[in-house]
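query.cif (mmCIF, C-alpha atoms) appears below.
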```cif
data_data
#
loop_
_atom_site.label_atom_id
_atom_site.label_comp_id
_atom_site.auth_asym_id
_atom_site.auth_seq_id
_atom_site.Cartn_x
_atom_site.Cartn_y
_atom_site.Cartn_z
CA MET A 1 4.16 29.07 5.45
CA LEU A 2 1.01 27.80 3.76
CA VAL A 3 -0.61 30.57 1.77
CA GLY A 4 -3.95 30.19 0.01
CA VAL A 5 -4.64 26.72 1.37
CA ASP A 6 -6.83 25.86 4.31
CA VAL A 7 -4.40 23.98 6.57
CA ASP A 8 -7.22 21.94 8.11
CA GLU A 9 -8.36 20.83 4.65
CA LEU A 10 -4.81 19.94 3.67
CA GLN A 11 -4.32 17.94 6.88
CA HIS A 12 -7.64 16.17 6.31
CA ALA A 13 -6.75 15.28 2.72
CA LEU A 14 -3.28 14.03 3.65
CA GLY A 15 -4.70 12.18 6.66
CA GLY A 16 -7.08 10.35 4.34
CA VAL A 17 -4.14 9.27 2.19
CA VAL A 18 -2.21 8.03 5.24
CA LEU A 19 -5.24 6.18 6.62
CA GLU A 20 -6.02 4.41 3.36
CA ALA A 21 -2.34 3.63 2.71
CA SER A 22 -2.21 1.99 6.13
CA TYR A 23 -5.26 -0.10 5.28
CA LEU A 24 -3.70 -1.08 1.93
CA GLU A 25 -0.56 -2.26 3.76
CA ARG A 26 -2.69 -4.33 6.15
CA VAL A 27 -4.43 -6.02 3.20
CA LEU A 28 -1.05 -6.59 1.51
CA ARG A 29 0.32 -8.24 4.67
CA ALA A 30 -2.71 -10.51 4.89
CA ALA A 31 -2.38 -11.39 1.19
CA PHE A 32 1.33 -12.14 1.63
CA SER A 33 0.60 -14.49 4.54
CA ALA A 34 -2.22 -16.21 2.67
CA LEU A 35 -0.11 -16.70 -0.46
CA VAL A 36 2.81 -18.11 1.54
CA GLY A 37 0.37 -20.20 3.55
CA SER A 38 1.98 -19.81 6.97
CA LYS A 39 1.03 -17.93 10.10
CA TYR A 40 4.75 -17.34 10.65
CA THR A 41 4.94 -14.84 7.78
CA ALA A 42 3.64 -12.32 10.35
CA VAL A 43 7.13 -12.48 11.87
CA VAL A 44 8.73 -11.04 8.72
CA ASP A 45 6.00 -9.11 6.93
CA GLY A 46 6.15 -6.26 9.42
CA ARG A 47 9.64 -5.43 8.14
CA LEU A 48 8.55 -5.27 4.51
CA THR A 49 7.53 -2.07 2.78
CA ALA A 50 4.34 -1.91 0.74
CA ALA A 51 6.44 -2.01 -2.45
CA ALA A 52 8.28 -5.15 -1.27
CA LEU A 53 5.00 -6.80 -0.27
CA ILE A 54 3.55 -6.08 -3.71
CA GLU A 55 6.62 -7.49 -5.48
CA ASP A 56 6.72 -10.59 -3.28
CA CYS A 57 2.99 -11.20 -3.73
CA GLU A 58 3.41 -10.92 -7.51
CA ARG A 59 6.24 -13.46 -7.50
CA ILE A 60 4.50 -15.90 -5.17
CA THR A 61 1.26 -15.67 -7.16
CA ARG A 62 3.10 -16.48 -10.39
CA TYR A 63 4.36 -19.79 -8.95
CA HIS A 64 1.43 -20.68 -6.66
CA THR A 65 0.16 -24.09 -7.77
CA ALA A 66 -3.18 -23.95 -5.95
CA ILE A 67 -4.39 -20.80 -7.74
CA THR A 68 -6.04 -21.02 -11.15
CA ARG A 69 -4.74 -18.98 -14.08
CA PRO A 70 -7.81 -16.65 -14.14
CA ALA A 71 -7.44 -16.04 -10.38
CA LYS A 72 -3.72 -15.36 -10.83
CA GLU A 73 -4.57 -12.80 -13.50
CA GLU A 74 -7.12 -11.16 -11.19
CA ILE A 75 -4.58 -10.98 -8.37
CA GLY A 76 -1.98 -9.61 -10.80
CA THR A 77 -4.36 -6.87 -11.94
CA ALA A 78 -5.16 -6.00 -8.32
CA LEU A 79 -1.47 -5.90 -7.39
CA ARG A 80 -0.75 -3.58 -10.33
CA ALA A 81 -3.48 -1.27 -8.98
CA CYS A 82 -1.81 -1.49 -5.55
CA HIS A 83 1.56 -0.66 -7.11
CA GLU A 84 0.16 2.39 -8.91
CA ALA A 85 -1.72 3.64 -5.84
CA ASN A 86 1.37 3.13 -3.64
CA ARG A 87 3.58 4.94 -6.18
CA ASN A 88 1.15 7.88 -6.22
CA ARG A 89 1.02 7.85 -2.43
CA ASN A 90 4.80 7.98 -2.24
CA ARG A 91 4.86 10.99 -4.57
CA VAL A 92 2.40 12.88 -2.37
CA ILE A 93 3.84 11.88 1.01
CA HIS A 94 7.59 11.76 0.34
CA ASP A 95 8.30 14.36 -2.32
CA THR A 96 9.12 17.84 -1.14
CA TRP A 97 5.96 19.87 -1.53
CA ALA A 98 4.72 23.38 -1.27
CA THR A 99 1.36 24.99 -1.66
CA ARG A 100 0.39 27.61 -4.17
CA PRO A 101 -2.50 30.05 -4.16
CA GLY A 102 -5.81 28.52 -5.17
CA SER A 103 -5.73 25.34 -3.08
CA VAL A 104 -3.08 23.69 -5.21
CA MET A 105 -0.28 21.53 -3.81
CA VAL A 106 2.97 21.37 -5.77
CA THR A 107 5.32 18.41 -5.45
CA LEU A 108 8.94 18.89 -6.35
CA ARG A 109 10.58 15.66 -7.40
CA GLY A 110 14.29 15.47 -8.08
CA GLY A 111 16.31 12.56 -9.31
CA ARG A 112 19.35 10.96 -7.74
CA THR A 113 21.43 11.37 -10.89
CA SER A 114 20.11 14.73 -12.02
CA HIS A 115 19.62 18.21 -10.66
CA ASP A 116 16.46 18.63 -12.71
CA ILE A 117 13.23 19.00 -10.78
CA THR A 118 9.85 17.80 -11.96
CA VAL A 119 7.02 19.99 -10.73
CA THR A 120 3.55 18.47 -10.40
CA ALA A 121 0.55 20.50 -9.27
CA GLN A 122 -2.28 18.75 -7.42
CA THR A 123 -5.46 20.16 -6.01
CA LEU A 124 -6.79 19.07 -2.63
CA ALA A 125 -9.52 17.20 -4.51
CA GLU A 126 -6.82 15.21 -6.33
CA VAL A 127 -5.13 14.39 -3.02
CA ARG A 128 -8.49 13.22 -1.67
CA GLN A 129 -8.96 11.12 -4.82
CA LEU A 130 -5.65 9.41 -4.03
CA ALA A 131 -7.18 8.18 -0.75
CA VAL A 132 -10.03 6.71 -2.79
CA GLN A 133 -7.52 5.11 -5.19
CA LEU A 134 -5.71 3.47 -2.26
CA ALA A 135 -8.99 2.19 -0.78
CA ASP A 136 -10.12 0.86 -4.15
CA ALA A 137 -6.81 -0.96 -4.69
CA ALA A 138 -7.07 -2.61 -1.26
CA HIS A 139 -10.67 -3.65 -1.99
CA GLU A 140 -9.70 -5.01 -5.42
CA LEU A 141 -6.91 -7.09 -3.89
CA GLY A 142 -9.21 -8.42 -1.18
CA THR A 143 -11.78 -9.43 -3.79
CA ALA A 144 -9.11 -11.13 -5.92
CA MET A 145 -7.75 -13.01 -2.91
CA THR A 146 -11.25 -14.22 -2.00
CA THR A 147 -11.73 -15.47 -5.56
CA ALA A 148 -8.38 -17.27 -5.45
CA LEU A 149 -8.30 -18.69 -1.92
CA GLY A 150 -11.81 -18.41 -0.51
CA PRO A 151 -13.38 -16.18 2.12
CA ASP A 152 -11.05 -17.19 4.98
CA TRP A 153 -7.83 -16.09 3.27
CA ALA A 154 -7.28 -13.08 5.56
CA ARG A 155 -7.42 -15.03 8.83
CA LEU A 156 -4.01 -16.68 8.54
CA GLU A 157 -2.06 -13.43 8.94
CA ASN A 158 -3.58 -12.77 12.35
CA GLN A 159 -3.44 -16.35 13.66
CA LEU A 160 0.00 -16.18 15.31
CA ARG A 161 -0.84 -12.83 16.94
CA GLN A 162 -3.96 -14.38 18.44
CA GLU A 163 -2.07 -17.41 19.71
CA LEU A 164 0.60 -15.23 21.32
CA GLY A 165 -1.92 -12.73 22.64
CA ARG A 166 0.09 -9.78 21.35
CA ASP A 167 1.27 -8.09 18.20
CA ILE A 168 4.50 -9.15 16.55
CA GLY A 169 6.88 -6.23 16.21
CA ALA A 170 9.58 -5.67 13.65
CA ASP A 171 12.02 -5.22 16.56
CA PRO A 172 14.13 -8.43 16.75
CA GLY A 173 14.36 -8.10 20.54
CA ARG A 174 10.64 -8.61 21.07
#
```
Could I get this structure in the form of structure tokens?
Amino acid sequence: MLVGVDVDELQHALGGVVLEASYLERVLRAAFSALVGSKYTAVVDGRLTAAALIEDCERITRYHTAITRPAKEEIGTALRACHEANRNRNRVIHDTWATRPGSVMVTLRGGRTSHDITVTAQTLAEVRQLAVQLADAAHELGTAMTTALGPDWARLENQLRQELGRDIGADPGR
């Protein structure tokens, strides 16, 4: 039972995190496709987690021959912001949590090799700030990609979907 926390406010704050995390993943998928340079990446990127997309984008950027060193550094900085925002999102969404009096949310994080629990208290304002962090990271990556590859970089990811006239699911049977 949630005591001391307005459930509607909590749902709104968490909904903002989910919405912005979804947008961040969309930008990451577009960046992945643009960095690979193929509309067919849309076939596989739907199976990748945000963390995997970030790692793959970092690796591809490092070896991409058409991107200048300053643009690579800008993309790297943006991807680090994405990594941090995604890590924070995972803590809020996936850790076991409870609410405490005074509009504070407590996350309880345990380790796989330990029975120790780390307790982190977050206010609803901090949860809302996480949504802003996610949105900012997505914007920073979009700006870096535009610097590196030009204003049309995001179109490639959607090209195959448009040609097929439908979305491409992660289900191999589709």
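Within 12 Å of Val18 of chain A, once only C-alpha atoms are used and residues closer than 2 positions along the same chain are dropped, the contacting residues are Gln11, His12, Ala13, Leu14, Gly15, Gly16, Glu20, Ala21, Ser22, Tyr23, Leu24, Glu25, Ala85, Asn86, Asn88, Arg89, Asn90, Val92, Ile93, His94, Val127, Arg128, Leu130, Ala131, Val132, Leu134 and Ala135 of chain A.
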Selection export as a JSON list (two decimals), in the frame of the given file, atoms kept: C-alpha atoms:
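Written file, part_20.json:
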```json
[["chain", "number", "residue", "atom", "x", "y", "z"],
["A", 11, "GLN", "CA", -4.32, 17.94, 6.88],
["A", 12, "HIS", "CA", -7.64, 16.17, 6.31],
["A", 13, "ALA", "CA", -6.75, 15.28, 2.72],
["A", 14, "LEU", "CA", -3.28, 14.03, 3.65],
["A", 15, "GLY", "CA", -4.70, 12.18, 6.66],
["A", 16, "GLY", "CA", -7.08, 10.35, 4.34],
["A", 20, "GLU", "CA", -6.02, 4.41, 3.36],
["A", 21, "ALA", "CA", -2.34, 3.63, 2.71],
["A", 22, "SER", "CA", -2.21, 1.99, 6.13],
["A", 23, "TYR", "CA", -5.26, -0.10, 5.28],
["A", 24, "LEU", "CA", -3.70, -1.08, 1.93],
["A", 25, "GLU", "CA", -0.56, -2.26, 3.76],
["A", 85, "ALA", "CA", -1.72, 3.64, -5.84],
["A", 86, "ASN", "CA", 1.37, 3.13, -3.64],
["A", 88, "ASN", "CA", 1.15, 7.88, -6.22],
["A", 89, "ARG", "CA", 1.02, 7.85, -2.43],
["A", 90, "ASN", "CA", 4.80, 7.98, -2.24],
["A", 92, "VAL", "CA", 2.40, 12.88, -2.37],
["A", 93, "ILE", "CA", 3.84, 11.88, 1.01],
["A", 94, "HIS", "CA", 7.59, 11.76, 0.34],
["A", 127, "VAL", "CA", -5.13, 14.39, -3.02],
["A", 128, "ARG", "CA", -8.49, 13.22, -1.67],
["A", 130, "LEU", "CA", -5.65, 9.41, -4.03],
["A", 131, "ALA", "CA", -7.18, 8.18, -0.75],
["A", 132, "VAL", "CA", -10.03, 6.71, -2.79],
["A", 134, "LEU", "CA", -5.71, 3.47, -2.26],
["A", 135, "ALA", "CA", -8.99, 2.19, -0.78]]
```
Mind giving me the axis-aligned box for segment 123-131 of chain A with 3 Å on every side, centre plus edges in Å to one decimal, as lines of an AutoDock Vina configuration file?
```
center_x = -7.3
center_y = 14.2
center_z = -3.5
size_x = 10.4
size_y = 18.0
size_z = 11.6
```
* Give me the result of the PyMOL selection byres ((chain A and resi 57-67) around 10) on this file, residue by residue, as a ChimeraX atom specification. => /A:28-29,31-36,51-56,68-73,75-80,145,147-149
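The spacing separating atom CA of Asp45 of chain A from atom CA of Glu74 of chain A amounts to 22.5 Å.
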* To do: In Å, rounded to a single decimal, give me how far atom CA of Arg87 of chain A is from atom CA of Thr143 of chain A.
  =>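 Atom CA of Thr143 of chain A sits 21.2 Å away from atom CA of Arg87 of chain A.
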* Pick the closest to Glu126 of chain A from A:Asp167, A:Asp8, A:Asn158, A:Val17: which is it, counting all atoms listed in the file? -> A:Val17
